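Asks: Encoded as structure tokens, here's the structure I'll be asking about.
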Amino acid sequence: MSTAIKRLRSFVGPEMTGPLAALVAVLVIFSIASPRFLSSATFGSVAFQLPELGLLCLAMLLPVLTGGLNLAVTFTANISGLTLAWTMFYFGGADAGPEAFALGCVLALAVGALSGLIIGVVVAYTKAHPILVSLSMMIFVRGLGEFLTRGGDISGFPDFVQPLGHGSIIGIPIPLLVLCAGVAVWHIVLQKTKLGFNTYMIGSNIEAVRYSGINTRRVVMLVYTLSGAMCAVAGIIMLSRFNSVRVGHGESYLLITVLACFLGGVNPFGGFGKVLPVFVALIVLQLLSSGLNLIGANQHLATAVWGILLLGVMVLRWVATHFTFLSHKK
Amino acid sequence: MSADASLNVSGPAPVLSLRNISKTFGGVKALDKVDFEVLPGEVHCLAGENGSGKSTLIKIITGVYQPEPGAEIIYDGRTYTQMSPVIAQAEGIQVIWQDLALFPEMTVAENIAFQSVLGRRPRLVSYSKMRKIALEALSRLGVEMDVDKPLRDFPIAQRQIVAIARALTGEAKLVFMDEPTASLTQSETDYLLDIVRMLSDAGVAVVFVSHRLAEVLEISHRLTVLRDGKLEGVYPTTDLTQSRITELMTGKSFDNVVRATPKPDVKPVIELRNLSRAGEFSDISFTVGQGETVGITGLLGAGRTELAETLFGMRKPSSGEIVLDGASVKFSNNREAIDAGVAYLSEDRLSLGLLQPQSIADNLVIASLDGIRDGVFLSERRKNEVVSEWCRDLGVKIGLPEDAISTLSGGNQQKVAIAKWLATNPKLLILDAPTVGVDVGARKGIFDIVAKLAESGLAIILISDEVPEVYFNADRVLHMVNGRAAGWFSPNECTLQEIEAAVYA
């Protein structure tokens, strides 16, 4: 048994073992509990629900790797969505053309990136704790958005926006494709570029990184800017999924993004963690809630089960390290 | 064991005597049938390289680890087959660990008294009682401190005192000190040694673990040497010299020779012209040529590290000029300095020099990422090449390049840190306290590398507060006092004692 685990570990990488094990467990348990679980309907619903949370989770991941946090992810997504919505309204609302949509997306990305950049600048220069800085940003963006929308929904977009949220290309939902692209980009940035390298290093010890001749402020600012831009992508997808924008959409995802990162083996203090295990962890969470839904459990209970799962993961992780400790000593 | 013959048999009974202590970890014998004895009121030094079993022995005495069957611990006339931390503390065995295990955010009084207040009934905290305990413990040491101030306001030497004071709140009969002087300046060390003497006079036995052999000779009455988990022998310190201790610890003999050679007409690499930085150092002028090693020594706070960081572009000089390769330079950050060929090995390897949790490979390439870049992407293959190349060249023993750097010994860590800077292809290498936390045996390896680098034409500035290091390894030695150049020495033309006399004057 232990050799099998070891072999699995060396094959998929140590970070991947936990999330994959959880994935297998969820698949096995629910396919026993409900014969309808292993069906295209389940996977269809997962495929459409996963992207919003997934994109926000990517936005959360980079700051977490530096030992920080971006609590403004959901509201940054909202305000970016609003930017897109207003741009389309400016060009005629439901009659706006694709150019207006394209321009709106660019502006949305710019707004998201700006929100991140502001957090990054403050964190990098004042060395204030990212929790406080991003919390302040979250409150600012939320207040601004609610003021501008008077707390209401904004809807009425051109018809061609719909497929972005609901359409499929060769059977794969477009939002899922966007998420996969995001995962791929993040994976490459983190594993292959100087920025990614420095992101991990800063998460371990920012002063030692500075002493190694790396402009740590620049890296921190870039990390939060990218985080903000990824929020904008999430905001655009959310707009097309709901066909409306409201400040507060996806608010409940905020802490789930943090927890999904940790479920995916990311070190809560920064420095370690990879994108793909986080992606698998997200699938686990989504399958879990779909599965519970299928066997008739209450939606709120699903949330509670997420919490229990994450607590369980932490205990298991402790047990695992305890066991390796024992086997080393004996 | 044979060297133990000189032990005074008719003297007082030992306060602690261990027989036949063995301990195995994962198939490795950390301790192999070791005997150890401490007399009342004695200052006893426990010497040995890292991994020789010193810490394991201390942990067995204090009950953290249990020895293997057959062991016997006789403490204060009673025989135990094993200790437990509770018994050890209750019976007056105290340990001051290297990291002190203090609480920086709490007050001095809380730090000193918490052990004697905690766990007692009534379960209420009386701050006035804590203050009283703390003041009493401090006055036993003849020290005055503001016990209401948080500990973080005090320098490391004072914290050391607090740790000792805490050890004295219990009726200590036997105190272990693990590397107590590692981060202290000379005057602070002297102060600490005085306190150790005072404890010894008061009948408290002190077991002293230190890498600094001069201190060991100065303070201890006897010395127990461990090597590879075995007892090498017990010696009265009056018969020993530093080099003899090193020999005993490593099993090899080291002859310290002055490496300085006159280097006329070398091409200057860096020239400092009246370099000053307000409040830190002033009017420093010197030149380091190709293949030359300039040593800088002086007490902590002499401005050495500040000077080094100024050359490295991390601080800006307030006046004066730095000339690198014939051109005046003004760095606005250390990246510019690195690109211009200046490398700086920080004195604080643990928190500034290396990223302890990260891998050996990543630590080695972090300062020279452009060297492993393939277009916009970093190349894993090039990284591994660079790492294996440097590890081979510098003789670094590593397991896997992906292992955390913290798994390496101090000496090997320092070699990786040197490789990290060599990978930036420097012209000038500034080494700030390169042997801190490095075993005596491994120090020579570091200086062999430094000598080879100098031979290959690198200009080197070697900063150390251990005078012998600069004396034996530098061509010229600058003595700094309060940020000023107090004098120059040529190791070829002076003795070690002359420099030491100047530094510790």
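Identifiers in the structure tokens: chain A, B, ... in order shown; residue index from 1 per chain; ligand index from 1 in order shown.
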DSSP on the backbone: which residues in region 325-416 of chain B end up as alpha helix (DSSP H)? Give the answer as a PyMOL selection string.
Replies: chain B and resi 334-340+360-365+380-394+410-416
Asks: Could you write those residues out with N, CA and C atoms, as an mmCIF file, in the first residue's frame?
Replies:
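Produced file out_12.cif, reproduced below:
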data_model
loop_
_atom_site.group_PDB
_atom_site.id
_atom_site.type_symbol
_atom_site.label_atom_id
_atom_site.label_comp_id
_atom_site.auth_asym_id
_atom_site.auth_seq_id
_atom_site.Cartn_x
_atom_site.Cartn_y
_atom_site.Cartn_z
ATOM 1 N N ASN B 334 20.932 46.994 -5.596
ATOM 2 C CA ASN B 334 21.958 45.962 -5.633
ATOM 3 C C ASN B 334 21.993 45.218 -6.961
ATOM 4 N N ARG B 335 20.901 45.269 -7.728
ATOM 5 C CA ARG B 335 20.926 44.619 -9.029
ATOM 6 C C ARG B 335 21.978 45.289 -9.923
ATOM 7 N N GLU B 336 22.045 46.612 -9.856
ATOM 8 C CA GLU B 336 23.048 47.323 -10.643
ATOM 9 C C GLU B 336 24.456 46.931 -10.196
ATOM 10 N N ALA B 337 24.636 46.793 -8.880
ATOM 11 C CA ALA B 337 25.947 46.386 -8.365
ATOM 12 C C ALA B 337 26.296 44.987 -8.851
ATOM 13 N N ILE B 338 25.316 44.077 -8.805
ATOM 14 C CA ILE B 338 25.574 42.700 -9.252
ATOM 15 C C ILE B 338 25.943 42.693 -10.729
ATOM 16 N N ASP B 339 25.193 43.448 -11.518
ATOM 17 C CA ASP B 339 25.484 43.492 -12.952
ATOM 18 C C ASP B 339 26.858 44.103 -13.231
ATOM 19 N N ALA B 340 27.288 45.000 -12.334
ATOM 20 C CA ALA B 340 28.610 45.610 -12.511
ATOM 21 C C ALA B 340 29.720 44.699 -11.986
ATOM 22 N N ILE B 360 17.998 23.639 -2.798
ATOM 23 C CA ILE B 360 19.402 23.959 -3.019
ATOM 24 C C ILE B 360 19.548 24.605 -4.392
ATOM 25 N N ALA B 361 18.909 24.006 -5.401
ATOM 26 C CA ALA B 361 19.045 24.510 -6.767
ATOM 27 C C ALA B 361 18.527 25.941 -6.871
ATOM 28 N N ASP B 362 17.345 26.190 -6.346
ATOM 29 C CA ASP B 362 16.765 27.534 -6.476
ATOM 30 C C ASP B 362 17.601 28.565 -5.724
ATOM 31 N N ASN B 363 18.127 28.179 -4.583
ATOM 32 C CA ASN B 363 18.980 29.103 -3.841
ATOM 33 C C ASN B 363 20.245 29.442 -4.619
ATOM 34 N N LEU B 364 20.723 28.461 -5.359
ATOM 35 C CA LEU B 364 21.976 28.677 -6.063
ATOM 36 C C LEU B 364 21.794 29.601 -7.269
ATOM 37 N N VAL B 365 20.645 29.531 -7.924
ATOM 38 C CA VAL B 365 20.487 30.301 -9.164
ATOM 39 C C VAL B 365 19.765 31.631 -8.959
ATOM 40 N N GLU B 380 14.928 24.423 -16.995
ATOM 41 C CA GLU B 380 15.183 23.486 -15.895
ATOM 42 C C GLU B 380 16.508 22.758 -16.138
ATOM 43 N N ARG B 381 16.742 22.446 -17.401
ATOM 44 C CA ARG B 381 17.954 21.717 -17.752
ATOM 45 C C ARG B 381 19.195 22.568 -17.439
ATOM 46 N N ARG B 382 19.153 23.839 -17.861
ATOM 47 C CA ARG B 382 20.306 24.706 -17.606
ATOM 48 C C ARG B 382 20.511 24.895 -16.104
ATOM 49 N N LYS B 383 19.389 24.981 -15.379
ATOM 50 C CA LYS B 383 19.488 25.138 -13.930
ATOM 51 C C LYS B 383 20.244 23.959 -13.331
ATOM 52 N N ASN B 384 19.841 22.746 -13.724
ATOM 53 C CA ASN B 384 20.492 21.564 -13.170
ATOM 54 C C ASN B 384 21.962 21.496 -13.551
ATOM 55 N N GLU B 385 22.276 21.931 -14.779
ATOM 56 C CA GLU B 385 23.677 21.951 -15.198
ATOM 57 C C GLU B 385 24.487 22.880 -14.300
ATOM 58 N N VAL B 386 23.946 24.098 -14.133
ATOM 59 C CA VAL B 386 24.645 25.093 -13.320
ATOM 60 C C VAL B 386 24.862 24.561 -11.907
ATOM 61 N N VAL B 387 23.829 23.949 -11.348
ATOM 62 C CA VAL B 387 23.924 23.461 -9.971
ATOM 63 C C VAL B 387 24.965 22.354 -9.848
ATOM 64 N N SER B 388 24.911 21.391 -10.768
ATOM 65 C CA SER B 388 25.860 20.273 -10.605
ATOM 66 C C SER B 388 27.290 20.768 -10.860
ATOM 67 N N GLU B 389 27.436 21.721 -11.777
ATOM 68 C CA GLU B 389 28.756 22.275 -12.047
ATOM 69 C C GLU B 389 29.355 22.923 -10.789
ATOM 70 N N TRP B 390 28.566 23.795 -10.158
ATOM 71 C CA TRP B 390 29.091 24.498 -8.989
ATOM 72 C C TRP B 390 29.327 23.560 -7.822
ATOM 73 N N CYS B 391 28.407 22.618 -7.629
ATOM 74 C CA CYS B 391 28.571 21.702 -6.505
ATOM 75 C C CYS B 391 29.844 20.878 -6.692
ATOM 76 N N ARG B 392 30.141 20.540 -7.943
ATOM 77 C CA ARG B 392 31.365 19.798 -8.196
ATOM 78 C C ARG B 392 32.587 20.699 -7.949
ATOM 79 N N ASP B 393 32.556 21.903 -8.531
ATOM 80 C CA ASP B 393 33.712 22.803 -8.420
ATOM 81 C C ASP B 393 34.037 23.142 -6.973
ATOM 82 N N LEU B 394 33.016 23.362 -6.171
ATOM 83 C CA LEU B 394 33.267 23.789 -4.793
ATOM 84 C C LEU B 394 33.230 22.628 -3.811
ATOM 85 N N GLY B 410 25.967 23.607 7.933
ATOM 86 C CA GLY B 410 26.332 25.013 7.798
ATOM 87 C C GLY B 410 27.414 25.234 6.752
ATOM 88 N N GLY B 411 28.417 24.373 6.756
ATOM 89 C CA GLY B 411 29.518 24.536 5.823
ATOM 90 C C GLY B 411 29.071 24.381 4.377
ATOM 91 N N ASN B 412 28.247 23.363 4.122
ATOM 92 C CA ASN B 412 27.776 23.154 2.763
ATOM 93 C C ASN B 412 26.799 24.240 2.335
ATOM 94 N N GLN B 413 25.996 24.712 3.287
ATOM 95 C CA GLN B 413 25.108 25.837 2.971
ATOM 96 C C GLN B 413 25.922 27.047 2.531
ATOM 97 N N GLN B 414 26.996 27.298 3.274
ATOM 98 C CA GLN B 414 27.796 28.477 2.961
ATOM 99 C C GLN B 414 28.454 28.319 1.591
ATOM 100 N N LYS B 415 28.843 27.088 1.265
ATOM 101 C CA LYS B 415 29.432 26.885 -0.059
ATOM 102 C C LYS B 415 28.397 27.157 -1.149
ATOM 103 N N VAL B 416 27.162 26.737 -0.913
ATOM 104 C CA VAL B 416 26.113 27.034 -1.897
ATOM 105 C C VAL B 416 25.928 28.547 -2.003
#
Asks: With a distance cut-off of 12 Å and only C-alpha atoms, select the neighbouring residues of Gly313 (chain B), excluding the residue or stretch itself and same-chain residues fewer than 4 positions from it, and output the selection as a list in words.
Replies: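 The neighbour list is Arg210, Tyr211, Ser212 and Gly213 of chain A; Glu306, Leu307, Ala308, Glu309, Pro317, Ile322, Val329, Lys330, Phe331, Ser332, Asn333, Asn334, Arg335, Glu336, Ala337, Ile338, Asp339, Ala340, Gly341, Val342, Ala343 and Tyr344 of chain B.
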Asks: Where in region 131-284 of chain B does DSSP assign strand (DSSP E), given as a PyMOL selection string?
Replies: chain B and resi 174-178+205-209+222-227+230-236+268-277+281-284
Asks: Go ahead and write the selection's residues with C-alpha atoms as a compact mmCIF listing (two decimals), in the first residue's frame.
Replies:
# COMPACT_ATOMS: atom_id res chain seq x y z
CA LEU B 174 23.73 22.35 36.32
CA VAL B 175 23.32 24.77 33.42
CA PHE B 176 23.85 23.89 29.78
CA MET B 177 24.66 26.70 27.38
CA ASP B 178 24.40 25.89 23.70
CA ALA B 205 28.21 23.61 37.15
CA VAL B 206 28.12 25.01 33.64
CA VAL B 207 28.40 22.92 30.49
CA PHE B 208 29.43 25.16 27.68
CA VAL B 209 29.06 24.35 23.99
CA ARG B 222 37.85 20.76 31.42
CA LEU B 223 36.91 19.72 27.95
CA THR B 224 35.06 16.67 26.70
CA VAL B 225 35.53 16.04 23.00
CA LEU B 226 33.02 14.03 20.98
CA ARG B 227 33.77 12.83 17.49
CA LYS B 230 32.13 8.59 20.23
CA LEU B 231 33.96 9.95 23.22
CA GLU B 232 37.33 11.22 22.04
CA GLY B 233 38.55 12.08 25.49
CA VAL B 234 38.40 14.40 28.48
CA TYR B 235 41.14 16.99 28.91
CA PRO B 236 42.02 19.72 31.36
CA PRO B 268 42.81 47.65 -9.26
CA VAL B 269 39.25 46.32 -9.34
CA ILE B 270 37.60 48.59 -6.84
CA GLU B 271 38.76 51.80 -5.31
CA LEU B 272 37.05 53.59 -2.43
CA ARG B 273 37.80 57.30 -2.22
CA ASN B 274 36.93 58.92 1.10
CA LEU B 275 33.71 56.97 1.19
CA SER B 276 31.36 58.09 3.97
CA ARG B 277 27.85 57.46 5.05
CA PHE B 281 31.25 55.10 8.52
CA SER B 282 33.41 57.93 7.29
CA ASP B 283 36.39 58.63 5.13
CA ILE B 284 37.20 55.08 4.10
Asks: Based on only C-alpha atoms, which of the residues in chain B come within 6 Å of chain A? I want them as a PDB file with C-alpha atoms, in the first residue's frame.
Replies:
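Below is the file result-v9.pdb, written as the result:
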ATOM      1  CA  PHE B  25      18.582   7.433  14.832  1.00  0.00           C
ATOM      2  CA  GLY B  26      17.509   5.694  11.667  1.00  0.00           C
ATOM      3  CA  ASN B 334      21.958  45.962  -5.633  1.00  0.00           C
ATOM      4  CA  ARG B 335      20.926  44.619  -9.029  1.00  0.00           C
ATOM      5  CA  LEU B 352      19.258  37.196   4.445  1.00  0.00           C
ATOM      6  CA  GLY B 353      21.697  34.897   2.703  1.00  0.00           C
ATOM      7  CA  ALA B 367      20.898  35.814  -8.132  1.00  0.00           C
ATOM      8  CA  PHE B 377      11.475  30.958 -20.067  1.00  0.00           C
ATOM      9  CA  LEU B 378      13.737  29.529 -17.399  1.00  0.00           C
TER      10      LEU B 378
END
Asks: Quick one: pull the distance between CA of Met138 (chain A) and CA of Thr76 (chain A), Å, one decimal.
Replies: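 Distance reported for this atom pair: 7.4 Å.
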Asks: For CA of Ser318 (chain B) and CA of Thr287 (chain B), quote the distance in Å rounded to one decimal.
Replies: 19.2 Å
Asks: Just want the 8 Å neighbourhood of Ala72 (chain A), counted on only C-alpha atoms, with same-chain residues fewer than 6 positions away dropped. Output as a list of chain:residue names.
Replies: A:Ser134, A:Leu135, A:Met137, A:Met138, A:Ile139, A:Val141
Asks: How would the residues just picked look written out with N, CA and C atoms as a compact mmCIF listing (two decimals), in the first residue's frame?
Replies:
# COMPACT_ATOMS: atom_id res chain seq x y z
N SER A 134 -5.80 44.51 1.12
CA SER A 134 -6.79 44.03 0.16
C SER A 134 -8.19 44.14 0.75
N LEU A 135 -8.29 44.03 2.06
CA LEU A 135 -9.60 44.21 2.70
C LEU A 135 -10.09 45.64 2.48
N MET A 137 -9.21 47.55 0.04
CA MET A 137 -9.54 47.67 -1.38
C MET A 137 -10.89 47.05 -1.64
N MET A 138 -11.15 45.91 -1.01
CA MET A 138 -12.44 45.23 -1.19
C MET A 138 -13.58 46.15 -0.78
N ILE A 139 -13.42 46.80 0.36
CA ILE A 139 -14.49 47.67 0.85
C ILE A 139 -14.66 48.86 -0.08
N VAL A 141 -13.91 49.02 -3.36
CA VAL A 141 -14.49 48.61 -4.64
C VAL A 141 -15.98 48.29 -4.48
Asks: Rounded to one decimal, what separation in Å do you get between CA of Pro40 (chain B) and CA of Ser200 (chain B)?
Replies: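 CA of Pro40 (chain B) sits 8.3 Å away from CA of Ser200 (chain B).
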Asks: For region 178-180 of chain A, work out the shell of residues within 8 Å, counting only C-alpha atoms and skipping chain neighbours fewer than 4 positions away, then give it as an mmCIF file with N, CA and C atoms, in the first residue's frame.
Replies:
data_model
loop_
_atom_site.group_PDB
_atom_site.id
_atom_site.type_symbol
_atom_site.label_atom_id
_atom_site.label_comp_id
_atom_site.auth_asym_id
_atom_site.auth_seq_id
_atom_site.Cartn_x
_atom_site.Cartn_y
_atom_site.Cartn_z
ATOM 1 N N PRO A 51 -15.899 27.278 -13.608
ATOM 2 C CA PRO A 51 -15.050 28.376 -14.065
ATOM 3 C C PRO A 51 -15.064 29.636 -13.199
ATOM 4 N N GLY A 54 -13.193 28.918 -10.216
ATOM 5 C CA GLY A 54 -11.830 28.589 -10.628
ATOM 6 C C GLY A 54 -11.014 29.806 -10.980
ATOM 7 N N LEU A 55 -11.612 30.713 -11.745
ATOM 8 C CA LEU A 55 -10.874 31.909 -12.145
ATOM 9 C C LEU A 55 -10.556 32.781 -10.924
ATOM 10 N N ILE A 174 -17.624 26.928 -23.067
ATOM 11 C CA ILE A 174 -16.644 28.002 -23.280
ATOM 12 C C ILE A 174 -16.048 28.524 -21.961
ATOM 13 N N ALA A 184 -3.492 27.216 -17.704
ATOM 14 C CA ALA A 184 -2.277 27.007 -18.488
ATOM 15 C C ALA A 184 -1.339 28.209 -18.366
#
Asks: Fewer than 2 positions away in the same chain doesn't count, so skip those; otherwise give me all residues within 10 Å of Arg131 (chain B), counting only C-alpha atoms, as a ChimeraX atom specification.
Replies: /B:107-110,112-113,126-129,133-137,147-148
Asks: As a list in words, please: the residues near Ala110 (chain A) (cut-off 8 Å, only C-alpha atoms, same-chain neighbours under 4 positions excluded).
Replies: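 So, after excluding close chain neighbours, the residues are Val106, Leu114 and Ala229 of chain A.
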Asks: So that I can see what lies close to Leu168 (chain B), please list as a list in words the residues with an atom at most 9 Å from it, counting only C-alpha atoms and leaving out residues fewer than 4 positions away in the same chain.
Replies: Gly92, Gln94, Ile112, Ala137, Leu138, Arg140, Ala163, Ile164, Ala172, Lys173 and Val175 of chain B
Asks: Go through region 271-302 of chain B and flag each residue having an atom no more than 6 Å from region 459-477 of chain B; for those, report the closest pair of atoms plus their distance in Å to one decimal, using only C-alpha atoms, ordered by chain and rising number, as a tab-separated table.
Replies:
residue	atom	partner	partner_atom	distance
B:Gly289	CA	B:Ala459	CA	5.8
B:Gln290	CA	B:Ala459	CA	4.9
B:Gly291	CA	B:Ala459	CA	5.1
B:Glu292	CA	B:Ala459	CA	5.2
B:Thr293	CA	B:Ile460	CA	4.6
B:Val294	CA	B:Ile461	CA	4.8
B:Gly295	CA	B:Val477	CA	4.4
B:Ile296	CA	B:Ile463	CA	4.7
B:Thr297	CA	B:Asp465	CA	5.3
B:Gly298	CA	B:Asp465	CA	5.8
Asks: Selection from above, C-alpha atoms, as a short mmCIF file (atom, residue, chain, number, x, y, z; two decimals), in the first residue's frame, can you write it?
Replies:
data_model
loop_
_atom_site.label_atom_id
_atom_site.label_comp_id
_atom_site.auth_asym_id
_atom_site.auth_seq_id
_atom_site.Cartn_x
_atom_site.Cartn_y
_atom_site.Cartn_z
CA GLY B 289 43.22 44.64 -6.87
CA GLN B 290 42.74 41.53 -8.95
CA GLY B 291 43.54 38.46 -6.94
CA GLU B 292 43.88 40.44 -3.76
CA THR B 293 42.12 39.70 -0.50
CA VAL B 294 41.53 42.63 1.82
CA GLY B 295 40.40 41.75 5.31
CA ILE B 296 38.24 44.05 7.41
CA THR B 297 37.93 43.43 11.11
CA GLY B 298 36.73 45.34 14.11
#
Asks: Restricting the calculation to only C-alpha atoms: of A:Gly68, A:Gly270, A:Gly152, A:Gly228, which residue gets closest to Ala128 (chain A)?
Replies: A:Gly68
Asks: Compare B:Asp201, B:Asp239, B:Glu171, B:Asp194 by their minimum atom-to-atom distance to Gly142 (chain B), counting only C-alpha atoms, and give me the closest one.
Replies: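 Closest residue, counting only C-alpha atoms: B:Asp194.
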Asks: Nearest to Lys420 (chain B) among B:Val28, B:Leu355, B:Ala47, B:Ile195, with distances taken over only C-alpha atoms: which residue is it?
Replies: B:Leu355
